[in-house]
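Student: Take a look at query.pdb, PDB, C-alpha atoms and all ligand atoms:
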ATOM      1  CA  MET A   1       0.000   0.000   0.000
ATOM      2  CA  ILE A   2       1.208   3.507  -0.695
ATOM      3  CA  ILE A   3      -0.399   6.289   1.326
ATOM      4  CA  CYS A   4      -0.017   9.819  -0.003
ATOM      5  CA  SER A   5      -0.614  13.059   1.769
ATOM      6  CA  PRO A   6      -0.376  16.556   0.316
ATOM      7  CA  VAL A   7       2.175  18.884   1.865
ATOM      8  CA  GLN A   8       2.977  22.517   1.300
ATOM      9  CA  ALA A   9       6.195  23.497  -0.396
ATOM     10  CA  TYR A  10       8.901  23.090   2.213
ATOM     11  CA  TYR A  11      10.555  26.365   1.479
ATOM     12  CA  ALA A  12       8.801  29.144  -0.329
ATOM     13  CA  GLY A  13      11.444  31.075  -2.167
ATOM     14  CA  GLU A  14      14.995  31.646  -1.096
ATOM     15  CA  VAL A  15      16.928  29.325   1.133
ATOM     16  CA  ARG A  16      19.814  30.693   3.115
ATOM     17  CA  VAL A  17      21.472  28.575   5.733
ATOM     18  CA  VAL A  18      23.694  29.028   8.725
ATOM     19  CA  ILE A  19      26.511  26.553   9.375
ATOM     20  CA  ALA A  20      26.153  24.934  12.803
ATOM     21  CA  ASP A  21      29.150  25.614  15.011
ATOM     22  CA  LYS A  22      27.546  24.807  18.351
ATOM     23  CA  TYR A  23      24.442  22.609  18.069
ATOM     24  CA  SER A  24      24.058  19.200  16.394
ATOM     25  CA  ARG A  25      21.083  17.293  15.036
ATOM     26  CA  SER A  26      22.655  13.874  15.571
ATOM     27  CA  ALA A  27      25.672  12.280  17.188
ATOM     28  CA  ASN A  28      27.797   9.153  17.021
ATOM     29  CA  GLY A  29      25.995   6.119  18.356
ATOM     30  CA  GLY A  30      22.632   7.782  17.834
ATOM     31  CA  VAL A  31      19.862   7.306  15.288
ATOM     32  CA  GLY A  32      20.619  10.239  12.995
ATOM     33  CA  PHE A  33      20.948   7.831  10.070
ATOM     34  CA  ALA A  34      17.337   6.644  10.430
ATOM     35  CA  LYS A  35      14.036   8.215   9.420
ATOM     36  CA  ALA A  36      13.092   8.470  13.090
ATOM     37  CA  ALA A  37      10.631  11.131  14.232
ATOM     38  CA  GLY A  38      12.794  11.807  17.265
ATOM     39  CA  ASN A  39      15.586  13.044  15.005
ATOM     40  CA  TYR A  40      13.693  16.240  14.347
ATOM     41  CA  ALA A  41      13.501  17.257  17.995
ATOM     42  CA  ALA A  42      17.124  18.306  18.331
ATOM     43  CA  SER A  43      16.929  20.491  15.246
ATOM     44  CA  PHE A  44      14.022  22.726  16.261
ATOM     45  CA  TYR A  45      15.815  25.022  18.689
ATOM     46  CA  PRO A  46      18.855  25.671  16.467
ATOM     47  CA  ALA A  47      16.472  26.128  13.500
ATOM     48  CA  LYS A  48      14.507  28.684  15.522
ATOM     49  CA  LEU A  49      17.696  30.607  16.340
ATOM     50  CA  ALA A  50      18.640  30.485  12.647
ATOM     51  CA  ALA A  51      15.180  31.779  11.669
ATOM     52  CA  GLU A  52      15.555  34.712  14.058
ATOM     53  CA  GLN A  53      18.673  35.675  12.121
ATOM     54  CA  GLY A  54      16.836  35.367   8.789
ATOM     55  CA  TYR A  55      18.008  31.882   7.803
ATOM     56  CA  GLN A  56      15.610  29.174   6.618
ATOM     57  CA  GLN A  57      17.733  26.238   7.646
ATOM     58  CA  VAL A  58      20.827  24.985   9.420
ATOM     59  CA  LEU A  59      23.740  23.365   7.612
ATOM     60  CA  TRP A  60      24.678  20.638  10.059
ATOM     61  CA  THR A  61      28.229  19.725  10.883
ATOM     62  CA  ASP A  62      29.704  16.740  12.707
ATOM     63  CA  ALA A  63      28.830  16.759  16.398
ATOM     64  CA  SER A  64      32.358  16.401  17.779
ATOM     65  CA  THR A  65      34.399  18.995  15.874
ATOM     66  CA  HIS A  66      31.883  20.996  13.768
ATOM     67  CA  GLU A  67      34.548  20.958  11.051
ATOM     68  CA  TYR A  68      32.791  18.696   8.553
ATOM     69  CA  LEU A  69      29.594  19.396   6.655
ATOM     70  CA  GLU A  70      26.920  16.723   6.898
ATOM     71  CA  GLU A  71      23.313  17.662   6.097
ATOM     72  CA  ALA A  72      21.129  20.692   5.327
ATOM     73  CA  GLY A  73      18.045  20.902   7.527
ATOM     74  CA  THR A  74      16.240  17.616   6.931
ATOM     75  CA  MET A  75      17.975  16.957   3.632
ATOM     76  CA  ASN A  76      21.243  15.492   2.472
ATOM     77  CA  VAL A  77      23.504  18.096   0.974
ATOM     78  CA  PHE A  78      25.660  18.440  -2.148
ATOM     79  CA  PHE A  79      28.339  21.010  -2.920
ATOM     80  CA  ARG A  80      29.621  21.858  -6.362
ATOM     81  CA  ILE A  81      33.214  23.051  -6.576
ATOM     82  CA  ASN A  82      34.180  23.874 -10.153
ATOM     83  CA  ASP A  83      32.444  21.070 -12.050
ATOM     84  CA  THR A  84      32.565  18.414  -9.345
ATOM     85  CA  LEU A  85      29.794  17.520  -6.950
ATOM     86  CA  ILE A  86      30.728  16.477  -3.443
ATOM     87  CA  THR A  87      28.555  14.879  -0.783
ATOM     88  CA  ALA A  88      29.494  13.433   2.589
ATOM     89  CA  PRO A  89      29.679   9.656   3.082
ATOM     90  CA  ILE A  90      26.843   8.266   5.167
ATOM     91  CA  SER A  91      27.526   7.475   8.812
ATOM     92  CA  ASP A  92      25.706   7.147  12.139
ATOM     93  CA  ARG A  93      24.879  10.824  11.870
ATOM     94  CA  ILE A  94      23.783  11.138   8.262
ATOM     95  CA  LEU A  95      20.545   9.802   6.819
ATOM     96  CA  ASP A  96      21.059   7.418   3.924
ATOM     97  CA  GLY A  97      18.523   9.223   1.739
ATOM     98  CA  VAL A  98      17.222   7.679  -1.471
ATOM     99  CA  THR A  99      17.394  11.079  -3.192
ATOM    100  CA  ARG A 100      21.089  11.411  -2.331
ATOM    101  CA  LYS A 101      21.719   7.902  -3.668
ATOM    102  CA  SER A 102      19.698   8.594  -6.820
ATOM    103  CA  LEU A 103      21.509  11.871  -7.512
ATOM    104  CA  ILE A 104      24.901  10.193  -7.165
ATOM    105  CA  GLN A 105      23.741   7.659  -9.783
ATOM    106  CA  LEU A 106      22.186  10.321 -12.053
ATOM    107  CA  ALA A 107      25.405  12.346 -11.892
ATOM    108  CA  LYS A 108      27.302   9.258 -13.033
ATOM    109  CA  ASP A 109      24.764   8.579 -15.800
ATOM    110  CA  ASN A 110      25.183  12.152 -17.052
ATOM    111  CA  ASN A 111      28.978  12.372 -16.853
ATOM    112  CA  ILE A 112      28.941  14.763 -13.932
ATOM    113  CA  SER A 113      31.767  13.933 -11.595
ATOM    114  CA  CYS A 114      30.570  13.269  -8.052
ATOM    115  CA  GLU A 115      32.816  12.570  -5.079
ATOM    116  CA  VAL A 116      31.586  10.947  -1.899
ATOM    117  CA  ARG A 117      33.995  12.137   0.754
ATOM    118  CA  ALA A 118      34.315  14.121   3.939
ATOM    119  CA  ILE A 119      33.974  17.818   3.248
ATOM    120  CA  LYS A 120      35.346  20.488   5.527
ATOM    121  CA  VAL A 121      33.666  23.767   6.333
ATOM    122  CA  SER A 122      37.012  25.464   5.643
ATOM    123  CA  GLU A 123      37.097  23.976   2.123
ATOM    124  CA  ILE A 124      33.687  25.449   1.316
ATOM    125  CA  VAL A 125      34.562  28.832   2.802
ATOM    126  CA  GLU A 126      37.808  28.937   0.780
ATOM    127  CA  ALA A 127      36.024  27.811  -2.385
ATOM    128  CA  SER A 128      33.430  30.519  -1.892
ATOM    129  CA  LYS A 129      36.140  33.137  -1.464
ATOM    130  CA  ASP A 130      38.055  32.099  -4.577
ATOM    131  CA  GLY A 131      34.927  31.724  -6.710
ATOM    132  CA  THR A 132      35.152  27.961  -7.280
ATOM    133  CA  LEU A 133      32.107  27.187  -5.145
ATOM    134  CA  LYS A 134      29.276  27.160  -7.674
ATOM    135  CA  GLU A 135      26.325  25.513  -5.946
ATOM    136  CA  ILE A 136      25.016  24.037  -2.737
ATOM    137  CA  PHE A 137      21.755  22.135  -2.707
ATOM    138  CA  GLY A 138      19.726  19.989  -0.365
ATOM    139  CA  ALA A 139      18.390  16.617  -1.568
ATOM    140  CA  GLY A 140      15.313  14.836  -0.239
ATOM    141  CA  THR A 141      12.093  13.236  -1.420
ATOM    142  CA  ALA A 142       9.734  16.172  -0.782
ATOM    143  CA  ALA A 143      11.581  18.900  -2.684
ATOM    144  CA  VAL A 144      13.887  16.586  -4.702
ATOM    145  CA  ILE A 145      16.488  19.367  -4.863
ATOM    146  CA  SER A 146      16.427  22.604  -2.959
ATOM    147  CA  PRO A 147      19.075  25.110  -4.088
ATOM    148  CA  ILE A 148      20.760  27.182  -1.399
ATOM    149  CA  GLU A 149      21.588  30.811  -2.165
ATOM    150  CA  GLY A 150      24.133  31.447   0.504
ATOM    151  CA  PHE A 151      25.394  30.534   3.930
ATOM    152  CA  GLU A 152      26.606  32.181   7.073
ATOM    153  CA  TYR A 153      29.628  30.955   8.935
ATOM    154  CA  LYS A 154      30.954  32.653  12.041
ATOM    155  CA  GLU A 155      29.092  35.859  11.330
ATOM    156  CA  THR A 156      30.214  36.192   7.729
ATOM    157  CA  TYR A 157      27.724  35.679   4.923
ATOM    158  CA  TYR A 158      28.815  33.967   1.708
ATOM    159  CA  GLU A 159      26.597  34.362  -1.344
ATOM    160  CA  LEU A 160      26.543  31.772  -4.127
ATOM    161  CA  PRO A 161      26.660  32.827  -7.784
ATOM    162  CA  GLU A 162      23.497  32.730  -9.902
ATOM    163  CA  ILE A 163      23.826  30.034 -12.546
ATOM    164  CA  GLY A 164      20.232  29.581 -13.695
ATOM    165  CA  ASP A 165      19.153  26.794 -16.050
ATOM    166  CA  HIS A 166      22.646  25.352 -16.428
ATOM    167  CA  SER A 167      23.024  24.639 -12.756
ATOM    168  CA  TYR A 168      23.546  21.041 -11.757
ATOM    169  CA  SER A 169      20.595  21.459  -9.405
ATOM    170  CA  SER A 170      18.167  22.253 -12.220
ATOM    171  CA  ILE A 171      19.648  19.671 -14.616
ATOM    172  CA  LEU A 172      19.515  16.882 -12.028
ATOM    173  CA  LYS A 173      16.108  17.881 -10.732
ATOM    174  CA  ASP A 174      14.693  17.783 -14.282
ATOM    175  CA  LYS A 175      16.240  14.355 -14.874
ATOM    176  CA  MET A 176      14.871  13.028 -11.611
ATOM    177  CA  LEU A 177      11.352  14.411 -12.149
ATOM    178  CA  SER A 178      11.176  13.091 -15.691
ATOM    179  CA  ILE A 179      11.984   9.611 -14.408
ATOM    180  CA  GLN A 180       9.414   9.984 -11.617
ATOM    181  CA  HIS A 181       6.791  11.202 -14.113
ATOM    182  CA  ASN A 182       7.487   8.383 -16.566
ATOM    183  CA  LEU A 183       8.729  10.826 -19.203
ATOM    184  CA  SER A 184      12.193   9.425 -19.738
ATOM    185  CA  ASP A 185      14.060   6.142 -19.801
ATOM    186  CA  ASP A 186      14.507   4.494 -16.464
ATOM    187  CA  LYS A 187      17.763   2.703 -17.111
ATOM    188  CA  ASN A 188      18.376   1.991 -13.426
ATOM    189  CA  GLY A 189      15.002   0.297 -12.966
ATOM    190  CA  TRP A 190      13.716   2.667 -10.307
ATOM    191  CA  ARG A 191      10.073   2.713 -11.444
ATOM    192  CA  LEU A 192       7.868  -0.008 -10.096
ATOM    193  CA  GLU A 193       4.347  -0.751 -11.065
ATOM    194  CA  VAL A 194       1.886  -0.735  -8.156
ATOM    195  CA  LYS A 195      -0.545  -3.596  -8.745
TER     196      LYS A 195
HETATM  197  C1  LIG B 201      14.291  12.494   5.009
HETATM  198  C2  LIG B 201      15.659  12.965   5.271
HETATM  199  C3  LIG B 201      16.611  13.043   4.244
HETATM  200  C4  LIG B 201      16.281  12.718   2.803
HETATM  201  O1  LIG B 201      15.991  11.377   2.624
HETATM  202  P1  LIG B 201      15.190  10.888   1.325
HETATM  203  O2  LIG B 201      15.188   9.396   1.465
HETATM  204  O3  LIG B 201      15.974  11.341   0.155
HETATM  205  O4  LIG B 201      13.838  11.519   1.377
HETATM  206  C5  LIG B 201      17.891  13.452   4.558
HETATM  207  N1  LIG B 201      18.232  13.789   5.815
HETATM  208  C6  LIG B 201      17.349  13.731   6.833
HETATM  209  C7  LIG B 201      17.789  14.105   8.192
HETATM  210  C8  LIG B 201      16.034  13.314   6.596
HETATM  211  O5  LIG B 201      15.163  13.278   7.614
END
Render the structure in this file as structure tokens.

Tutor:
Amino acid sequence: MIICSPVQAYYAGEVRVVIADKYSRSANGGVGFAKAAGNYAASFYPAKLAAEQGYQQVLWTDASTHEYLEEAGTMNVFFRINDTLITAPISDRILDGVTRKSLIQLAKDNNISCEVRAIKVSEIVEASKDGTLKEIFGAGTAAVISPIEGFEYKETYYELPEIGDHSYSSILKDKMLSIQHNLSDDKNGWRLEVK
């Protein structure tokens, strides 16, 4: 059985995020990797503080050092430096989302290089400063891909460039939706008939 329920758009309009340097949504030995309702609890207070500063979401970092980027709000997160996508490897603290997995495969299918590796906050800050950071986007079932316009880290705001239709986020979102809507080939066999 598949039960559907309508939801509002998660984010109306622009998404700016603040990088967590104090709070965490999940920790080692916890259940951050699972779709557990309890996982949301720890994110509400930091998200409220972020909202008071004008940010729609928190970019979560690892709980012990806050040096590595892990997730964006309730989504997995991808960074594009030059023409390469990067997303963190899954762990105790990171949800093994099907959208993340699908985007890694779609990137491969479309000759977009995609690295799965630890990614430091300092790398993203440097890449933003030298202009090689092109995109950041969240990935999850509800929004598929949610582009992020900029981030704050330690009281400095970093804006991302506007790329428009050629962004990896719009290309990959189109590819994903056309598979979901039965409008393109499904070479990975993701579509299943519900009988
Ligand atoms: C739901 C969720 C995701 C995305 O998972 P999908 O399977 O792609 O929907 C990522 N991170 C967190 C914390 C989530 O709750």

Student: Considering all atoms listed in the file, tabulate each residue of chain A that lies at most 10 Å from ligand LIG 201 (chain B) along with its nearest interatomic pair and the corresponding distance in Å to one decimal; arrange the rows by chain and ascending residue number and present them as a tab-separated table.

Tutor:
residue	atom	partner	partner_atom	distance
A:Arg25	CA	B:LIG201	C7	8.2
A:Ser26	CA	B:LIG201	C7	8.8
A:Gly32	CA	B:LIG201	C7	6.8
A:Phe33	CA	B:LIG201	C7	7.3
A:Ala34	CA	B:LIG201	O5	7.5
A:Lys35	CA	B:LIG201	O5	5.5
A:Ala36	CA	B:LIG201	O5	7.6
A:Ala37	CA	B:LIG201	O5	8.3
A:Asn39	CA	B:LIG201	C7	7.2
A:Tyr40	CA	B:LIG201	O5	7.5
A:Ser43	CA	B:LIG201	C7	9.6
A:Trp60	CA	B:LIG201	C7	9.7
A:Glu70	CA	B:LIG201	N1	9.2
A:Glu71	CA	B:LIG201	N1	6.4
A:Ala72	CA	B:LIG201	N1	7.5
A:Gly73	CA	B:LIG201	C7	6.8
A:Thr74	CA	B:LIG201	C7	4.0
A:Met75	CA	B:LIG201	C5	3.6
A:Asn76	CA	B:LIG201	C5	4.4
A:Val77	CA	B:LIG201	C5	8.1
A:Arg93	CA	B:LIG201	C7	8.6
A:Ile94	CA	B:LIG201	N1	6.6
A:Leu95	CA	B:LIG201	N1	4.7
A:Asp96	CA	B:LIG201	O1	6.6
A:Gly97	CA	B:LIG201	O2	3.4
A:Val98	CA	B:LIG201	O2	4.0
A:Thr99	CA	B:LIG201	O3	3.6
A:Arg100	CA	B:LIG201	O3	5.7
A:Lys101	CA	B:LIG201	O3	7.7
A:Ser102	CA	B:LIG201	O3	8.4
A:Leu103	CA	B:LIG201	O3	9.5
A:Gly138	CA	B:LIG201	C5	8.4
A:Ala139	CA	B:LIG201	O3	6.1
A:Gly140	CA	B:LIG201	O3	3.6
A:Thr141	CA	B:LIG201	O4	3.7
A:Ala142	CA	B:LIG201	O4	6.6
A:Ala143	CA	B:LIG201	O4	8.7
A:Val144	CA	B:LIG201	O3	7.4
A:Ile145	CA	B:LIG201	O3	9.5

Student: Running the PyMOL selection byres (((chain A and resi 173) around 10) and not hetatm) on this model by hand, what would come out? Give it as a PyMOL selection string.

Tutor: chain A and resi 103+106+139+143-146+167-172+174-179

Student: Quick one, how far is CA of Thr61 (chain A) from CA of Lys48 (chain A)?

Tutor: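 CA of Lys48 (chain A) lies at a distance of 17.0 Å from CA of Thr61 (chain A).
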
Student: Padding 8 Å on each side, edges along x, y and z: where is the centre of the box around the listed atoms of region 24-37 of chain A, and how long are its edges in Å to one decimal? Output it as lines of an AutoDock Vina configuration file.

Tutor:
center_x = 19.2
center_y = 12.7
center_z = 13.9
size_x = 33.2
size_y = 29.1
size_z = 24.9

Student: What's the 9 Å shell around Val17 (chain A), counting all atoms listed in the file, without same-chain residues fewer than 2 positions away, as a list in words?

Tutor: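 So, after excluding close chain neighbours, the residues are Val15, Ile19, Ala50, Gly54, Tyr55, Gln56, Gln57, Val58, Leu59, Ala72, Gly73, Ile148, Glu149, Gly150, Phe151 and Glu152 of chain A.
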
Student: Could you give me, as a list of chain:residue names, the residues within 9 Å of Ala27 (chain A), counting only C-alpha atoms and dropping anything in the same chain fewer than 6 positions from it?

Tutor: A:Asp62, A:Ala63, A:Ser64, A:Asp92, A:Arg93

Student: Measure the distance from CA of Gln180 (chain A) to CA of Gly13 (chain A) in Å and round it to one decimal.

Tutor: 23.2 Å

Student: Please measure the separation of CA of Lys108 (chain A) and CA of Glu193 (chain A), giving the value in Å to one decimal.

Tutor: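 If I compute the distance from CA of Lys108 (chain A) to CA of Glu193 (chain A), I get 25.1 Å.
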
Student: Would you mind telling me which residue in A:Ile2, A:Val7, A:Ala127, A:Ala20 lies nearest to Thr65 (chain A) when using only C-alpha atoms?

Tutor: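 Selected residue with least distance to Thr65 (chain A): A:Ala20.
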
Student: With all atoms listed in the file as the basis for distance, which of A:Pro6, A:Gly38, A:Gly164, A:Pro46 is at the shortest distance from Asp21 (chain A)?

Tutor: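 Counting all atoms listed in the file, the residue closest to Asp21 (chain A) is A:Pro46.
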
Student: Using only C-alpha atoms, which protein or nucleic acid residues come within 12 Å of region 81-84 of chain A? Drop anything in the same chain fewer than 6 positions from it, and give the result as a count of residues only.

Tutor: 30

Student: With all atoms listed in the file as the atoms that count, which of A:Val18, A:Leu85, A:Ile3, A:Val121 lies nearest to Gln53 (chain A)?

Tutor: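 Result for the nearest residue to Gln53 (chain A): A:Val18.
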
Student: Nearest to Glu159 (chain A) among A:Asn188, A:Val194, A:Ala51, A:Arg16, with distances taken over all atoms listed in the file: which residue is it?

Tutor: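 Using all atoms listed in the file, Glu159 (chain A) sits closest to A:Arg16.
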
Student: Generate the missing atoms of region 153-166 of chain A up to N, CA and C atoms and report them as a PDB file, in the coordinates of the input.

Tutor:
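out17.pdb, freshly written:
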ATOM      1  N   TYR A 153      28.715  31.706   8.071  1.00  0.00           N
ATOM      2  CA  TYR A 153      29.628  30.955   8.935  1.00  0.00           C
ATOM      3  C   TYR A 153      30.387  31.947   9.787  1.00  0.00           C
ATOM      4  N   LYS A 154      30.294  31.772  11.065  1.00  0.00           N
ATOM      5  CA  LYS A 154      30.954  32.653  12.041  1.00  0.00           C
ATOM      6  C   LYS A 154      30.765  34.132  11.690  1.00  0.00           C
ATOM      7  N   GLU A 155      29.496  34.463  11.543  1.00  0.00           N
ATOM      8  CA  GLU A 155      29.092  35.859  11.330  1.00  0.00           C
ATOM      9  C   GLU A 155      29.477  36.482  10.002  1.00  0.00           C
ATOM     10  N   THR A 156      29.977  35.669   9.075  1.00  0.00           N
ATOM     11  CA  THR A 156      30.214  36.192   7.729  1.00  0.00           C
ATOM     12  C   THR A 156      29.251  35.483   6.793  1.00  0.00           C
ATOM     13  N   TYR A 157      28.661  36.254   5.878  1.00  0.00           N
ATOM     14  CA  TYR A 157      27.724  35.679   4.923  1.00  0.00           C
ATOM     15  C   TYR A 157      28.404  35.485   3.567  1.00  0.00           C
ATOM     16  N   TYR A 158      28.230  34.309   3.007  1.00  0.00           N
ATOM     17  CA  TYR A 158      28.815  33.967   1.708  1.00  0.00           C
ATOM     18  C   TYR A 158      27.684  33.701   0.730  1.00  0.00           C
ATOM     19  N   GLU A 159      27.673  34.474  -0.355  1.00  0.00           N
ATOM     20  CA  GLU A 159      26.597  34.362  -1.344  1.00  0.00           C
ATOM     21  C   GLU A 159      27.077  33.443  -2.482  1.00  0.00           C
ATOM     22  N   LEU A 160      26.167  32.616  -2.997  1.00  0.00           N
ATOM     23  CA  LEU A 160      26.543  31.772  -4.127  1.00  0.00           C
ATOM     24  C   LEU A 160      26.208  32.474  -5.435  1.00  0.00           C
ATOM     25  N   PRO A 161      26.950  32.170  -6.499  1.00  0.00           N
ATOM     26  CA  PRO A 161      26.660  32.827  -7.784  1.00  0.00           C
ATOM     27  C   PRO A 161      25.326  32.352  -8.351  1.00  0.00           C
ATOM     28  N   GLU A 162      24.721  33.163  -9.217  1.00  0.00           N
ATOM     29  CA  GLU A 162      23.497  32.730  -9.902  1.00  0.00           C
ATOM     30  C   GLU A 162      23.874  32.030 -11.194  1.00  0.00           C
ATOM     31  N   ILE A 163      23.437  30.786 -11.352  1.00  0.00           N
ATOM     32  CA  ILE A 163      23.826  30.034 -12.546  1.00  0.00           C
ATOM     33  C   ILE A 163      22.635  29.774 -13.462  1.00  0.00           C
ATOM     34  N   GLY A 164      21.442  29.747 -12.880  1.00  0.00           N
ATOM     35  CA  GLY A 164      20.232  29.581 -13.695  1.00  0.00           C
ATOM     36  C   GLY A 164      20.046  28.169 -14.213  1.00  0.00           C
ATOM     37  N   ASP A 165      19.567  28.077 -15.470  1.00  0.00           N
ATOM     38  CA  ASP A 165      19.153  26.794 -16.050  1.00  0.00           C
ATOM     39  C   ASP A 165      20.281  25.786 -16.189  1.00  0.00           C
ATOM     40  N   HIS A 166      21.531  26.277 -16.234  1.00  0.00           N
ATOM     41  CA  HIS A 166      22.646  25.352 -16.428  1.00  0.00           C
ATOM     42  C   HIS A 166      23.179  24.787 -15.127  1.00  0.00           C
TER      43      HIS A 166
END
